[in-house]
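The data block below is run21.cif; it holds mmCIF, C-alpha atoms and all ligand atoms.
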data_coords
#
loop_
_atom_site.label_atom_id
_atom_site.label_comp_id
_atom_site.auth_asym_id
_atom_site.auth_seq_id
_atom_site.Cartn_x
_atom_site.Cartn_y
_atom_site.Cartn_z
CA MET O 64 -109.91 117.89 51.24
CA ASP O 65 -108.68 116.82 47.82
CA THR O 66 -110.88 115.13 45.22
CA GLY O 67 -110.79 111.34 45.03
CA ILE O 68 -108.65 109.46 42.51
CA LEU O 69 -110.20 107.52 39.66
CA PHE O 70 -108.59 104.08 39.30
CA VAL O 71 -109.25 101.94 36.26
CA ILE O 72 -108.59 98.22 36.46
CA SER O 73 -108.65 95.94 33.43
CA ALA O 74 -107.79 92.32 32.84
CA PRO O 75 -108.82 89.48 30.56
CA SER O 76 -111.63 87.50 32.16
CA GLY O 77 -110.33 84.62 34.26
CA THR O 78 -107.52 86.66 35.76
CA GLY O 79 -109.12 86.89 39.20
CA LYS O 80 -109.77 90.61 38.88
CA SER O 81 -113.21 90.45 40.51
CA SER O 82 -111.85 88.61 43.57
CA LEU O 83 -109.06 91.17 43.87
CA ILE O 84 -111.54 94.04 43.73
CA LYS O 85 -113.81 92.39 46.29
CA ALA O 86 -110.90 91.90 48.69
CA LEU O 87 -109.71 95.46 48.11
CA LEU O 88 -113.11 96.94 48.94
CA ASN O 89 -113.17 94.95 52.21
CA SER O 90 -109.55 95.66 53.07
CA SER O 91 -108.79 97.12 56.49
CA VAL O 92 -105.25 98.00 55.37
CA LEU O 93 -106.17 100.62 52.78
CA THR O 94 -106.27 104.02 54.49
CA TYR O 95 -108.32 105.77 51.82
CA GLN O 96 -112.00 105.43 51.05
CA ILE O 97 -112.71 103.73 47.73
CA LYS O 98 -115.94 102.72 46.01
CA GLU O 99 -116.52 100.56 42.97
CA SER O 100 -118.65 102.04 40.23
CA ILE O 101 -121.57 99.85 39.17
CA SER O 102 -121.76 99.79 35.38
CA TYR O 103 -124.82 99.68 33.18
CA THR O 104 -125.03 96.74 30.78
CA THR O 105 -127.33 95.28 28.16
CA ARG O 106 -126.11 91.71 28.75
CA HIS O 107 -128.35 89.09 30.34
CA ILE O 108 -128.23 88.66 34.09
CA ARG O 109 -126.21 85.59 35.18
CA LYS O 110 -127.15 83.19 37.95
CA GLY O 111 -126.25 84.71 41.31
CA GLU O 112 -126.08 88.27 40.00
CA LYS O 113 -128.25 91.05 41.38
CA ASN O 114 -129.50 94.10 39.56
CA GLY O 115 -127.98 97.22 41.12
CA GLU O 116 -125.24 95.21 42.82
CA HIS O 117 -123.21 93.61 40.02
CA TYR O 118 -124.57 95.80 37.24
CA PHE O 119 -127.61 97.82 36.37
CA PHE O 120 -129.15 95.51 33.76
CA ILE O 121 -130.95 97.58 31.15
CA SER O 122 -132.36 97.17 27.63
CA LYS O 123 -130.49 98.22 24.47
CA GLU O 124 -133.13 100.95 23.94
CA LYS O 125 -132.52 102.42 27.39
CA PHE O 126 -128.75 102.19 26.84
CA LYS O 127 -129.03 104.11 23.57
CA LYS O 128 -131.13 106.78 25.29
CA MET O 129 -128.45 107.13 27.96
CA ILE O 130 -125.77 107.54 25.25
CA ILE O 131 -127.79 110.33 23.62
CA GLY O 132 -128.34 111.94 27.03
CA GLU O 133 -124.54 111.88 27.57
CA GLU O 134 -125.04 109.94 30.78
CA PHE O 135 -121.92 107.81 30.26
CA LEU O 136 -118.38 108.85 31.06
CA GLU O 137 -117.34 105.98 28.79
CA TYR O 138 -119.05 103.05 27.15
CA ALA O 139 -118.05 100.15 24.94
CA LYS O 140 -119.31 97.07 23.19
CA VAL O 141 -117.79 93.97 24.79
CA PHE O 142 -118.78 90.42 23.68
CA ASN O 143 -121.74 91.84 21.72
CA ASN O 144 -123.14 93.63 24.74
CA TYR O 145 -122.91 97.25 25.77
CA TYR O 146 -121.32 98.36 29.02
CA GLY O 147 -121.13 101.92 30.34
CA THR O 148 -120.00 103.97 33.34
CA SER O 149 -122.30 106.53 34.93
CA ARG O 150 -120.86 110.02 34.58
CA LYS O 151 -122.93 111.41 37.46
CA TYR O 152 -121.81 108.77 39.97
CA ILE O 153 -118.12 109.23 39.16
CA GLU O 154 -118.20 113.04 39.28
CA HIS O 155 -120.20 113.09 42.54
CA THR O 156 -118.03 110.50 44.32
CA LEU O 157 -114.69 112.03 43.26
CA PHE O 158 -115.95 115.50 44.24
CA ASN O 159 -116.67 114.16 47.73
CA GLY O 160 -113.04 113.07 48.11
CA ILE O 161 -113.72 109.37 47.63
CA ASP O 162 -111.71 107.22 45.20
CA VAL O 163 -113.57 105.28 42.54
CA LEU O 164 -112.58 101.98 41.00
CA LEU O 165 -113.72 101.21 37.47
CA ASN O 166 -113.67 97.56 36.47
CA ILE O 167 -113.78 98.10 32.71
CA ASP O 168 -112.18 96.86 29.50
CA TRP O 169 -109.31 98.41 27.48
CA GLN O 170 -111.68 100.39 25.23
CA GLY O 171 -113.25 102.10 28.24
CA ALA O 172 -109.83 102.63 29.85
CA LYS O 173 -108.70 104.45 26.72
CA GLN O 174 -111.67 106.82 26.86
CA ILE O 175 -111.15 107.51 30.58
CA ARG O 176 -107.44 108.30 30.07
CA LYS O 177 -108.41 110.91 27.48
CA LYS O 178 -111.22 112.47 29.54
CA ILE O 179 -109.59 112.29 32.97
CA PRO O 180 -105.79 112.53 32.54
CA ASP O 181 -105.26 112.37 36.33
CA SER O 182 -106.84 108.90 36.49
CA LYS O 183 -104.58 105.90 37.03
CA SER O 184 -104.92 102.61 35.22
CA ILE O 185 -103.89 99.16 36.36
CA PHE O 186 -103.66 96.02 34.22
CA VAL O 187 -103.87 92.57 35.80
CA LEU O 188 -102.29 89.58 34.06
CA PRO O 189 -102.73 85.88 34.82
CA PRO O 190 -99.45 84.05 35.61
CA SER O 191 -99.69 81.84 32.50
CA LYS O 192 -101.88 80.82 29.57
CA HIS O 193 -102.48 77.46 31.22
CA GLU O 194 -103.75 79.09 34.41
CA LEU O 195 -105.97 81.49 32.44
CA TYR O 196 -107.65 78.58 30.62
CA ARG O 197 -108.04 76.65 33.86
CA ARG O 198 -109.69 79.62 35.61
CA LEU O 199 -112.00 80.27 32.65
CA ASN O 200 -113.16 76.65 32.71
CA ASN O 201 -113.71 76.73 36.47
CA ARG O 202 -116.18 79.58 36.43
CA GLY O 203 -118.94 77.12 35.60
CA GLN O 204 -121.27 79.89 34.46
CA ASP O 205 -120.60 80.06 30.76
CA SER O 206 -121.17 77.80 27.75
CA ASN O 207 -118.21 76.31 25.81
CA LEU O 208 -118.78 78.84 23.06
CA ASP O 209 -118.70 81.66 25.60
CA ILE O 210 -115.42 80.32 27.03
CA LEU O 211 -113.89 80.07 23.56
CA LYS O 212 -114.92 83.66 22.81
CA ARG O 213 -113.42 84.82 26.09
CA ILE O 214 -110.10 83.11 25.31
CA GLN O 215 -109.96 84.92 21.95
CA LYS O 216 -110.94 88.21 23.58
CA SER O 217 -108.38 87.79 26.35
CA THR O 218 -105.56 87.88 23.77
CA ILE O 219 -106.88 91.17 22.40
CA GLU O 220 -107.22 92.60 25.93
CA ILE O 221 -103.65 91.55 26.85
CA GLN O 222 -102.27 93.30 23.75
CA HIS O 223 -103.26 96.61 25.38
CA TYR O 224 -101.37 96.13 28.68
CA ILE O 225 -98.72 98.66 27.61
CA GLU O 226 -101.24 101.53 27.64
CA TYR O 227 -101.68 101.21 31.42
CA ASP O 228 -99.78 102.91 34.27
CA TYR O 229 -99.32 99.78 36.39
CA LEU O 230 -99.07 96.05 35.86
CA ILE O 231 -99.89 93.33 38.40
CA VAL O 232 -99.42 89.60 37.78
CA ASN O 233 -102.00 87.70 39.79
CA ASP O 234 -100.07 84.55 40.67
CA ASP O 235 -100.18 84.64 44.46
CA PHE O 236 -103.46 86.33 45.40
CA ASN O 237 -102.11 87.97 48.58
CA VAL O 238 -99.11 89.44 46.75
CA ALA O 239 -101.35 90.80 43.98
CA MET O 240 -103.64 92.29 46.63
CA TYR O 241 -100.70 93.87 48.45
CA ASN O 242 -99.47 95.37 45.16
CA LEU O 243 -102.90 96.79 44.35
CA ILE O 244 -103.12 98.46 47.77
CA THR O 245 -99.55 99.78 47.37
CA ILE O 246 -100.45 101.47 44.07
CA ILE O 247 -103.46 103.22 45.61
CA GLN O 248 -101.54 104.30 48.72
CA ALA O 249 -98.60 105.58 46.63
CA GLU O 250 -100.85 107.61 44.33
CA HIS O 251 -102.21 109.43 47.39
CA LEU O 252 -98.70 110.08 48.71
CA CYS O 253 -97.37 111.84 45.61
CA ILE O 254 -96.13 115.39 46.21
CA LYS O 255 -98.85 117.05 44.12
CA ARG O 256 -101.56 115.62 46.38
CA GLN O 257 -99.68 115.75 49.67
CA GLN O 258 -98.82 119.40 49.13
CA LYS O 259 -102.52 120.24 48.89
CA VAL O 260 -103.63 118.03 51.76
CA ASN O 261 -100.85 119.17 54.12
CA GLN O 262 -100.63 122.80 53.09
CA LEU O 263 -101.20 124.11 56.63
CA ILE O 264 -98.49 121.91 58.17
CA ILE O 265 -96.00 122.75 55.41
CA ASN O 266 -96.67 126.50 55.68
CA HIS O 267 -96.32 126.37 59.45
CA LEU O 268 -93.05 124.43 59.27
CA LEU O 269 -91.60 126.86 56.76
CA ASN O 270 -92.69 129.97 58.65
CA ASN O 271 -90.06 131.57 60.86
P1 LIG M 1 -118.76 90.55 32.31
O1 LIG M 1 -119.93 90.56 31.40
O2 LIG M 1 -118.02 89.26 32.31
O3 LIG M 1 -119.16 90.99 33.71
O4 LIG M 1 -117.74 91.67 31.79
C1 LIG M 1 -117.20 91.62 30.51
C2 LIG M 1 -116.19 92.71 30.32
O5 LIG M 1 -116.83 94.00 30.32
C3 LIG M 1 -115.10 92.81 31.40
O6 LIG M 1 -113.84 92.95 30.76
C4 LIG M 1 -115.44 94.07 32.15
O7 LIG M 1 -114.29 94.68 32.71
C5 LIG M 1 -116.04 94.91 31.04
N1 LIG M 1 -116.90 95.98 31.60
C6 LIG M 1 -117.74 95.92 32.65
N2 LIG M 1 -118.32 97.10 32.85
C7 LIG M 1 -117.84 97.94 31.92
C8 LIG M 1 -118.06 99.33 31.61
O8 LIG M 1 -118.83 100.05 32.25
N3 LIG M 1 -117.36 99.83 30.56
C9 LIG M 1 -116.49 99.09 29.81
N4 LIG M 1 -115.85 99.71 28.83
N5 LIG M 1 -116.26 97.81 30.07
C10 LIG M 1 -116.92 97.22 31.11
#

Let me see the structure of the file written as structure tokens.
Amino acid sequence: MDTGILFVISAPSGTGKSSLIKALLNSSVLTYQIKESISYTTRHIRKGEKNGEHYFFISKEKFKKMIIGEEFLEYAKVFNNYYGTSRKYIEHTLFNGIDVLLNIDWQGAKQIRKKIPDSKSIFVLPPSKHELYRRLNNRGQDSNLDILKRIQKSTIEIQHYIEYDYLIVNDDFNVAMYNLITIIQAEHLCIKRQQKVNQLIINHLLNN
């Protein structure tokens, strides 16, 4: 058994990234096991969110303690709140041969790339500015000020697309989904991995 692959997915909010991830985790097409990491955050809990399901909602004090305890594989300040990825969960899950998906911002992606060079990062873009604004307005969860901040932040996030390994434009949801699954499948099929996984078969075939 090989270790799992760490996939990082980033996108400006309003790109449909969460829906893509949800569909991916429920996909019957993907032939590899994948789990989404639940981040820790200091931001307030939104309507409909559950602690331990969407995030682990913690205080700033607890977050700082976790930083000092080196409990985060990466962490960043996004929209004035802190977000971080549990080091223990990632190491344990990858060790057990299960892929992990990190739904994090460009700052976190940068840290992960440095710490885990074998990880793969995917950037999701909306099909247009118009569509991005429309989707941000349709969320119905945020104040106008929040929406305005997100629009400004989305431009900063998009500027970092070039640092990623893959790019998906989420215009048609099913196509974007298919592309996401293709990336994951292809990463598992690369020679470096396949050689390890199929060592016995390869040795047997090459033996006279
Ligand atoms: P939201 O508060 O809308 O759920 O997320 C805001 C932003 O924080 C999103 O871009 C999301 O990807 C990012 N984010 C969520 N969890 C983490 C994390 O653990 N680390 C980092 N660096 N960013 C995160």

Which residues of chain O have any atom within 6 Å of an atom in ligand LIG 1 (chain M) when counting all atoms listed in the file, and what is the closest pair of atoms for each, with the distance in Å to one decimal? Order the rows by chain and rising number and write it as a tab-separated table.
residue	atom	partner	partner_atom	distance
O:Ser73	CA	M:LIG1	O7	5.8
O:Ser102	CA	M:LIG1	O8	4.3
O:Tyr138	CA	M:LIG1	N4	4.9
O:Ala139	CA	M:LIG1	N4	4.5
O:Val141	CA	M:LIG1	O5	5.6
O:Tyr146	CA	M:LIG1	C8	4.3
O:Gly147	CA	M:LIG1	O8	3.5
O:Thr148	CA	M:LIG1	O8	4.2
O:Asn166	CA	M:LIG1	O7	4.8
O:Ile167	CA	M:LIG1	O7	3.5
O:Asp168	CA	M:LIG1	N5	4.2
O:Gln170	CA	M:LIG1	N4	5.6
O:Gly171	CA	M:LIG1	N4	3.6

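Between CA of Ile121 (chain O) and CA of Asp205 (chain O) the interatomic distance comes to 20.4 Å.
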
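You can rank O:Leu195, O:Ile108, O:Val238, O:Ile131 by their closest distance to Asn144 (chain O) using all atoms listed in the file, and at the top of that list sits O:Ile108.
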
Problem - Two-atom distance - CA of Ile214 (chain O), CA of Gly79 (chain O) (Å) - result: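 Taking CA of Ile214 (chain O) as the start and CA of Gly79 (chain O) as the end point, the length is 14.4 Å.
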
Problem - Point-to-point distance from CA of Val92 (chain O) to CA of Leu164 (chain O), Å rounded to tenths - result: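 According to the coordinates, CA of Val92 (chain O) and CA of Leu164 (chain O) are separated by 16.6 Å.
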
Fill in the blank from the handout: Counting all atoms listed in the file, the residue among O:His223, O:Arg150, O:Lys128, O:Lys255 that lies closest to Ala172 (chain O) is O:His223
